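Trainee: I am attaching a structure below and will ask some questions about it afterwards.
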Amino acid sequence: MTPIAMDTGALVRGLYCILPEMVVIGTAILVLLADLLLPEEGKKRLCHLSVAGVAAAILSALWLGPGKIEGFSGMIVHDGMGLFFTLTILAAALLTLMMATGYSEWEGTQKGEFYALILLSTSGMLFMAEGTDLMTVFLGLETLSIPIYCLVGFHRGRMRSLEGAMKYFLLGAFSSGFFLYGIALMYAAAGTTRIPVIASMMRDARLYGNPVFLAGIGLLLVGFAFKVSLVPFHMWTPDAYEGAPTLVTAFMGAAVKAAAFAALLRVVLLTFPAILPAMSGVLWVLAALTMTVGNFSALLQNNMKRMLAYSSIAHAGYILVGLTAGGVAGGQAVLFYVLVYAFMNLGAFGVIMLVAQREDDGYDIDNFAGIGFRYPVLGGLLSLFLVSLAGIPPTAGFVGKFYLFGAAVRSGYVGLAVLGVLNSAVSVYYYLRPVVSMYMAPAPEGIPVPRPPRSAFSFALCASAAAVLLLGVMPASALEFAERSVLSLLM
Amino acid sequence: MNGPSDFIFYAAAALTVGSAILVATLPNIIYAAVALLFAFAGVAGLYVFLSADFLAATQVLVYVGGILVLILFAVFLSNRLADVKISNPGHFHLPAAAVCLVLFGVLSYTAVSTPFAVKTAVYLPTTADIGEMLMTRYLLPFEVASVLLLAALIGAALLSRPERGTPEKADMEEGRG
C-alpha cells in the first residue's frame with residue numbers, strides 16, 4: 001500500500017498552534033523526572049519548576065497572539081476566544097501553584113505526582129477551550145477530569161476526601177457517558193464532529209428538527225451541566241468540594257469551570273442560534289434553578305468550603321444567564337465573568353486555607369470569629385473577595401454581574417435578570433456572615449493563629465485582590481478583549 | 001438481506017439485550033460480570049454486521065479480554081473478600097425505572113422517526129484506513145488520548161501505592177480522618 005503522505009508544513013503549524021499545551025505537558029513530564037532525582041528536602045523545587053512552566057506557557061500563549069491559527073486539520077484552533085480562556089486557565093493554574101508553595105508544606109502534598117496531575121489537568125483544559133472538534137473537546141474534558149478525580153482523593157487517610165473523590169468519579173464517569181452519547185448522536189445526524197461545520201449545517205436548517213440531532217444536543221448539554229454543576233446535576237459538588245484538599249477545591253472552582261464554559265460557549269454560540277426557540281427555554285429553566293437552589297442551599301451551610309461550593313453552583317447559574325442571552329453581549333459577559341470568578345474564588349479559598357488549621361472542622365464559620373481585627377490584612381482580603389462574590393461595587397463581581405444581567409435584559413429575558421438580581425440579594429446574607437463573624441463576633445479564647453504564608457503565597461493573594469479591584473474599577477480593557485474574542489469566534 | 005443473516009443479527013441483538021438485562025438484575029456480582037461478557041460479545045457481533053471488522057476485534061480484545069478480566073480481578077482481589085457478601089443489590093427501583101423509561105422513550109422515538117442515511121454494507125477491511133486517519137486527520141485526538149492515559153496512569157499509581165512512611169495497613173482502613 002502507499003505510504004501515508006505527511007504534510008510537514010501543516011504538522012509544524014499545528015504544533016505551533018498548541019504551543020502552550022505542549023509547554024504545560026512538557027513541564028509535567030519534567031516534574032515527574034525531577035521528582036526521581038531530587039532528594040526529599042529538595043521537593044519544593046518541583047513547585048518552583050511547575051510555576052516556571054506555567055509562566056512560560058502564559059508567555060507562549062501571549063506570543064501566539066489573538067490571531068486565528070488552525071491546526072491538525074481543524075481539530076483545534078487558537079483564536080481570540082481560545083486565547084482569552086487559555087490566559088484565564090493558565091492564570092488560575094499559576095495562582096494555584098503559587099499557593100501550593102505554602103499549602104504543600106502544611107498538608108504533605110509536596111509530591112511530584114501532585115504537581116504533575118495539576119499540570120496535566122491544565123493541559124486538558126486548554127485542549128477543551130481551544131478544541132473546535134467535539135472529539136478534541138471530549139478528550140480534553142477527560143484529560144482534565146481524571147487528574148482532578150485523583151487530586152480530590154489525594155488525602156487517602158481522610159474519609160471525606162475519599163468520599164468526595166468517589167462521588168465525583170462515579171457521577172463524572174456517567175456524565176462523560178452522556179457527553180459521548182450526545183456526540184455520537186450528533187455525528188449520526190450531521191456526519192461530522194466539527195463544531196463549525198455543524199454550525200454551518202444548522203444555518204442551512206438541514207439539521208433543524210432532526211430528532212437524533214436534538215437528542216444529541218440534549219445529552220451533550222447534560223454532560224456539560226454535570227461538569228459546571230448546574231442544578232439538577234449538582235449533587236456531587238458540595239461533597240467533592242468539601243472533601244478535596246482546599247487547594248484542589250480552589251483550582252476546581254476557578255479553572256475547571258472556565259474550561260467547561262469555554263467549550264459550552266463555543267457550542268452554544270455557534271450552533272444554538274438556529275434552534276434557539278427550543279434551547280433558550282431549556283437554558284432559562286436551568287439558569288433559574290441553578291441560581292436559586294445554589295443560593296438557598298448556601299444559606300444553610302456552616303462550613304466555609306461547603307458554602308463556597310454552593311456559591312459556585314449559584315455562580316454557574318449567573319454565567320448561564322449570559323449564555324441564555326447569547327449573542328455578542330452575552331458572550332462578552334460570560335467571558336468577563338469567568339475571568340473575574342477565577343480570581344475571586346481563588347482568593348477566597350486562599351485566605352480560608354491560611355486561617356483554617358485542620359482540614360475537616362477548621363473551615364467552620366465559627367472558626368473565623370474575631371480574626372478580623374487581630375489579623376487585619378487577612379480579614380480585609382477575605383472581606384474583599386466575599387464582597388466581590390456577592391457582587392457589591394466597586395469590585396469586579398459587581399461589574400461582571402452588571403454585564404450578565406444587562407445582556408439578559410437586552411435580549412428580552414427581563415424575568416431571568418430580575419431573578420438573578422433577587423438571587424444576588426439573597427447571596428449577600430451568606431457572604432457577609434463570615435465577615436460579620438470575623439469583625440463582630442466575640443473572639444474565643446484561643447484565636448487560631450493563621451499559618452505564616454510563604455512569599456509566593458502572599459504574592460498570589462495580593463495579585464488576586466489587585467485583579468478583583470482593578471477589574472472592578474477599570475474593566476474597560478478586559479471587557480473590550482472579551483468582546484473582540486467573541487467577535488473572532490462569530491466571524 | 002434476509003434469511004440466515006437476518007436470523008444471526010437478531011440472535012446477536014437478543015444476546016446483547018438479554019445479557020444486559022441480566023447484568024442489571026442479577027444479585028450476584030460474579031454472575032453479573034459473566035453476563036456482561038456475553039453482552040460485550042453480542043456487541044462485537046453487531047459490529048461485524050456493520051462491516052466494522054476492526055471495531056469488532058477491538059471490542060473482543062479490549063472489553064472481553066481486558067476490561068472484563070479487570071472487573072473480575074477487582075472483585076476477587078478486593079480487601080474484604082472474606083467478610084463482605086459480594087452482591088449487587090438494587091435500590092431506588094421506581095425512580096430508576098421512571099428515568100430509564102423516559103430515556104428509552106426519547107431514544108426509541110428518535111431512532112424510529114429519523115430518516116437515517118443508509119448505506120449498503122461493503123465488507124472490506126477497514127484497519128488500514130483507520131490507521132491512516134489516526135495518523136493524519138485525527139492525529140491530535142490520538143495524541144491527547146496518550147496524555148490522558150499518562151494522567152490516568154499517574155493517578156492510579158498515586159491512589160493505589162502505599163504512602164511513604166506510613167504503615168501499609170492504614171491504607172484502606174476507614175475512620176482515620
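Residue names in the C-alpha cells use chain letters A, B, ... in the order shown, residue numbers from 1 in each chain, and ligand numbers from 1 in the order shown.
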Starting from chain B, keep only residues with some atom at most 6 Å from an atom of chain A, counting only C-alpha atoms, and report them as number ranges by chain.
Mentor: B: 110, 137, 141, 148, 155, 177
Trainee: Write a file of the just-selected residues containing all heavy atoms, as a PDB file, in the first residue's frame.
Mentor:
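Contents of the output file result_23.pdb:
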```pdb
ATOM      1  N   THR B 110     -36.501   8.857  18.678  1.00  0.00           N
ATOM      2  CA  THR B 110     -35.544   9.438  17.742  1.00  0.00           C
ATOM      3  C   THR B 110     -35.060   8.394  16.746  1.00  0.00           C
ATOM      4  O   THR B 110     -34.907   8.678  15.563  1.00  0.00           O
ATOM      5  CB  THR B 110     -34.323  10.019  18.466  1.00  0.00           C
ATOM      6  OG1 THR B 110     -33.769   9.009  19.286  1.00  0.00           O
ATOM      7  CG2 THR B 110     -34.673  11.209  19.305  1.00  0.00           C
ATOM      8  N   ARG B 137      -5.712  12.851   9.945  1.00  0.00           N
ATOM      9  CA  ARG B 137      -6.772  13.778  10.323  1.00  0.00           C
ATOM     10  C   ARG B 137      -6.999  13.775  11.826  1.00  0.00           C
ATOM     11  O   ARG B 137      -7.267  14.814  12.426  1.00  0.00           O
ATOM     12  CB  ARG B 137      -8.047  13.378   9.606  1.00  0.00           C
ATOM     13  CG  ARG B 137      -8.829  14.601   9.223  1.00  0.00           C
ATOM     14  CD  ARG B 137     -10.037  14.240   8.422  1.00  0.00           C
ATOM     15  NE  ARG B 137     -11.199  14.785   9.089  1.00  0.00           N
ATOM     16  CZ  ARG B 137     -12.431  14.466   8.736  1.00  0.00           C
ATOM     17  NH1 ARG B 137     -12.647  13.611   7.782  1.00  0.00           N
ATOM     18  NH2 ARG B 137     -13.431  15.014   9.368  1.00  0.00           N
ATOM     19  N   PRO B 141      -6.421  14.232  18.409  1.00  0.00           N
ATOM     20  CA  PRO B 141      -7.116  13.436  19.421  1.00  0.00           C
ATOM     21  C   PRO B 141      -6.314  12.211  19.852  1.00  0.00           C
ATOM     22  O   PRO B 141      -6.280  11.850  21.025  1.00  0.00           O
ATOM     23  CB  PRO B 141      -8.414  13.030  18.732  1.00  0.00           C
ATOM     24  CG  PRO B 141      -8.642  14.075  17.723  1.00  0.00           C
ATOM     25  CD  PRO B 141      -7.288  14.522  17.272  1.00  0.00           C
ATOM     26  N   LEU B 148      -3.907  11.667  28.144  1.00  0.00           N
ATOM     27  CA  LEU B 148      -4.949  11.204  29.062  1.00  0.00           C
ATOM     28  C   LEU B 148      -4.530   9.912  29.753  1.00  0.00           C
ATOM     29  O   LEU B 148      -4.674   9.755  30.972  1.00  0.00           O
ATOM     30  CB  LEU B 148      -6.242  11.000  28.271  1.00  0.00           C
ATOM     31  CG  LEU B 148      -7.372  10.251  28.949  1.00  0.00           C
ATOM     32  CD1 LEU B 148      -7.871  11.044  30.135  1.00  0.00           C
ATOM     33  CD2 LEU B 148      -8.508  10.019  27.985  1.00  0.00           C
ATOM     34  N   GLY B 155      -2.271   8.915  38.158  1.00  0.00           N
ATOM     35  CA  GLY B 155      -3.308   8.978  39.187  1.00  0.00           C
ATOM     36  C   GLY B 155      -3.533   7.632  39.845  1.00  0.00           C
ATOM     37  O   GLY B 155      -3.631   7.531  41.073  1.00  0.00           O
ATOM     38  N   GLY B 177      -9.789   9.699  59.466  1.00  0.00           N
ATOM     39  CA  GLY B 177      -9.773  11.137  59.217  1.00  0.00           C
ATOM     40  C   GLY B 177     -10.422  11.945  60.333  1.00  0.00           C
ATOM     41  O   GLY B 177     -11.219  11.476  61.086  1.00  0.00           O
TER      42      GLY B 177
END
```
Trainee: Give me the residues within 10 Å of B:Gln59 as an NGL selection string, counting only C-alpha atoms and dropping any in the same chain fewer than 2 places off.
Mentor: :B and (40-45 or 47 or 53-57 or 61-66)
Trainee: Distance atom CA of B:Met135-atom CA of A:Arg13, one decimal place?
Mentor: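 Straight-line distance from atom CA of B:Met135 to atom CA of A:Arg13 works out to 15.8 Å.
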Trainee: Write out as a PyMOL selection string each polymer residue whose atoms come within 9 Å of B:Ile21, counting only C-alpha atoms; drop sequence neighbours fewer than 5 positions from it.
Mentor: chain B and resi 16+26+35
Trainee: Can you tell me how far atom CA of B:Val112 sits from atom CA of A:Met186, in Å to one decimal?
Mentor: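 It comes out at 15.8 Å.
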Trainee: Pick out the residues sitting within 7 Å of A:Ala240, and hand them over as a list in words; count only C-alpha atoms, and ignore anything fewer than 5 positions along from it in its own chain.
Mentor: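 In the requested form, the answer reads Val152, Gly164, Ala165 and Tyr168 of chain A.
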Trainee: For B:Thr58, which residue out of B:Lys119, B:Ala96, B:Val23, B:Thr127 is the nearest one, using only C-alpha atoms?
Mentor: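 Of B:Lys119, B:Ala96, B:Val23, B:Thr127, the one nearest B:Thr58, counting only C-alpha atoms, is B:Thr127.
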Trainee: Compare A:Tyr403, A:Tyr341, A:Tyr115, A:Tyr439 by their minimum atom-to-atom distance to A:Asp366, counting only C-alpha atoms, and give me the closest one.
Mentor: A:Tyr439
Trainee: Which residues are close to stretch 289-306 of chain A, i.e. within 6 Å by only C-alpha atoms, leaving aside same-chain residues fewer than 6 positions away? Reply as a PDB file with N, CA, C and O atoms, in the first residue's frame.
Mentor:
```
ATOM      1  N   LEU A 230     -24.600  22.361  37.140  1.00  0.00           N
ATOM      2  CA  LEU A 230     -25.891  23.039  37.086  1.00  0.00           C
ATOM      3  C   LEU A 230     -26.909  22.170  37.802  1.00  0.00           C
ATOM      4  O   LEU A 230     -26.849  20.946  37.738  1.00  0.00           O
ATOM      5  N   VAL A 231     -27.856  22.804  38.485  1.00  0.00           N
ATOM      6  CA  VAL A 231     -28.962  22.065  39.083  1.00  0.00           C
ATOM      7  C   VAL A 231     -29.823  21.557  37.937  1.00  0.00           C
ATOM      8  O   VAL A 231     -30.081  22.314  37.002  1.00  0.00           O
ATOM      9  N   PRO A 238     -21.016  19.719  46.470  1.00  0.00           N
ATOM     10  CA  PRO A 238     -20.633  20.037  47.852  1.00  0.00           C
ATOM     11  C   PRO A 238     -19.686  19.008  48.450  1.00  0.00           C
ATOM     12  O   PRO A 238     -18.700  19.389  49.095  1.00  0.00           O
ATOM     13  N   GLU A 242     -15.897  19.820  49.453  1.00  0.00           N
ATOM     14  CA  GLU A 242     -15.544  19.785  50.860  1.00  0.00           C
ATOM     15  C   GLU A 242     -14.446  18.768  51.115  1.00  0.00           C
ATOM     16  O   GLU A 242     -13.541  19.001  51.921  1.00  0.00           O
ATOM     17  N   ILE A 313     -22.057  26.820  42.620  1.00  0.00           N
ATOM     18  CA  ILE A 313     -23.217  26.395  41.826  1.00  0.00           C
ATOM     19  C   ILE A 313     -24.024  27.620  41.410  1.00  0.00           C
ATOM     20  O   ILE A 313     -24.400  27.789  40.248  1.00  0.00           O
ATOM     21  N   ALA A 314     -24.250  28.527  42.381  1.00  0.00           N
ATOM     22  CA  ALA A 314     -25.028  29.720  42.081  1.00  0.00           C
ATOM     23  C   ALA A 314     -24.351  30.540  40.993  1.00  0.00           C
ATOM     24  O   ALA A 314     -25.013  31.066  40.089  1.00  0.00           O
ATOM     25  N   GLY A 317     -24.939  29.388  37.668  1.00  0.00           N
ATOM     26  CA  GLY A 317     -26.251  29.858  37.224  1.00  0.00           C
ATOM     27  C   GLY A 317     -26.185  31.256  36.651  1.00  0.00           C
ATOM     28  O   GLY A 317     -26.766  31.541  35.596  1.00  0.00           O
ATOM     29  N   TYR A 363     -12.730  24.583  58.915  1.00  0.00           N
ATOM     30  CA  TYR A 363     -13.368  25.509  57.993  1.00  0.00           C
ATOM     31  C   TYR A 363     -14.729  25.973  58.465  1.00  0.00           C
ATOM     32  O   TYR A 363     -15.456  26.610  57.710  1.00  0.00           O
ATOM     33  N   ASP A 364     -15.096  25.646  59.725  1.00  0.00           N
ATOM     34  CA  ASP A 364     -16.375  26.132  60.233  1.00  0.00           C
ATOM     35  C   ASP A 364     -16.327  27.649  60.352  1.00  0.00           C
ATOM     36  O   ASP A 364     -15.294  28.225  60.678  1.00  0.00           O
ATOM     37  N   ILE A 365     -17.481  28.256  60.102  1.00  0.00           N
ATOM     38  CA  ILE A 365     -17.507  29.720  60.110  1.00  0.00           C
ATOM     39  C   ILE A 365     -17.156  30.254  61.501  1.00  0.00           C
ATOM     40  O   ILE A 365     -16.483  31.277  61.630  1.00  0.00           O
ATOM     41  N   SER A 427     -27.810  36.213  48.257  1.00  0.00           N
ATOM     42  CA  SER A 427     -26.452  35.718  48.482  1.00  0.00           C
ATOM     43  C   SER A 427     -25.666  36.645  49.394  1.00  0.00           C
ATOM     44  O   SER A 427     -24.728  36.206  50.064  1.00  0.00           O
ATOM     45  N   TYR A 430     -25.305  35.259  53.017  1.00  0.00           N
ATOM     46  CA  TYR A 430     -24.317  34.245  53.430  1.00  0.00           C
ATOM     47  C   TYR A 430     -22.890  34.658  53.150  1.00  0.00           C
ATOM     48  O   TYR A 430     -21.973  34.157  53.783  1.00  0.00           O
TER      49      TYR A 430
END
```
Trainee: At a cut-off of 7 Å, using only C-alpha atoms, what residues contact A:Gly372? Leave out same-chain residues fewer than 4 positions from it and give the result as a list of chain:residue names.
Mentor: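 Answer for this query is A:Pro376, A:Gly379, A:Met438, A:Tyr439.
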Trainee: Just the number, please: distance in Å from atom CA of A:Ala463 to atom CA of A:Tyr318, one decimal.
Mentor: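 Between these atoms lies a distance of 24.5 Å.
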Trainee: Output as a count of residues only all residues of stretch 91-304 of chain A that backbone DSSP marks as alpha helix (DSSP H).
Mentor: 167
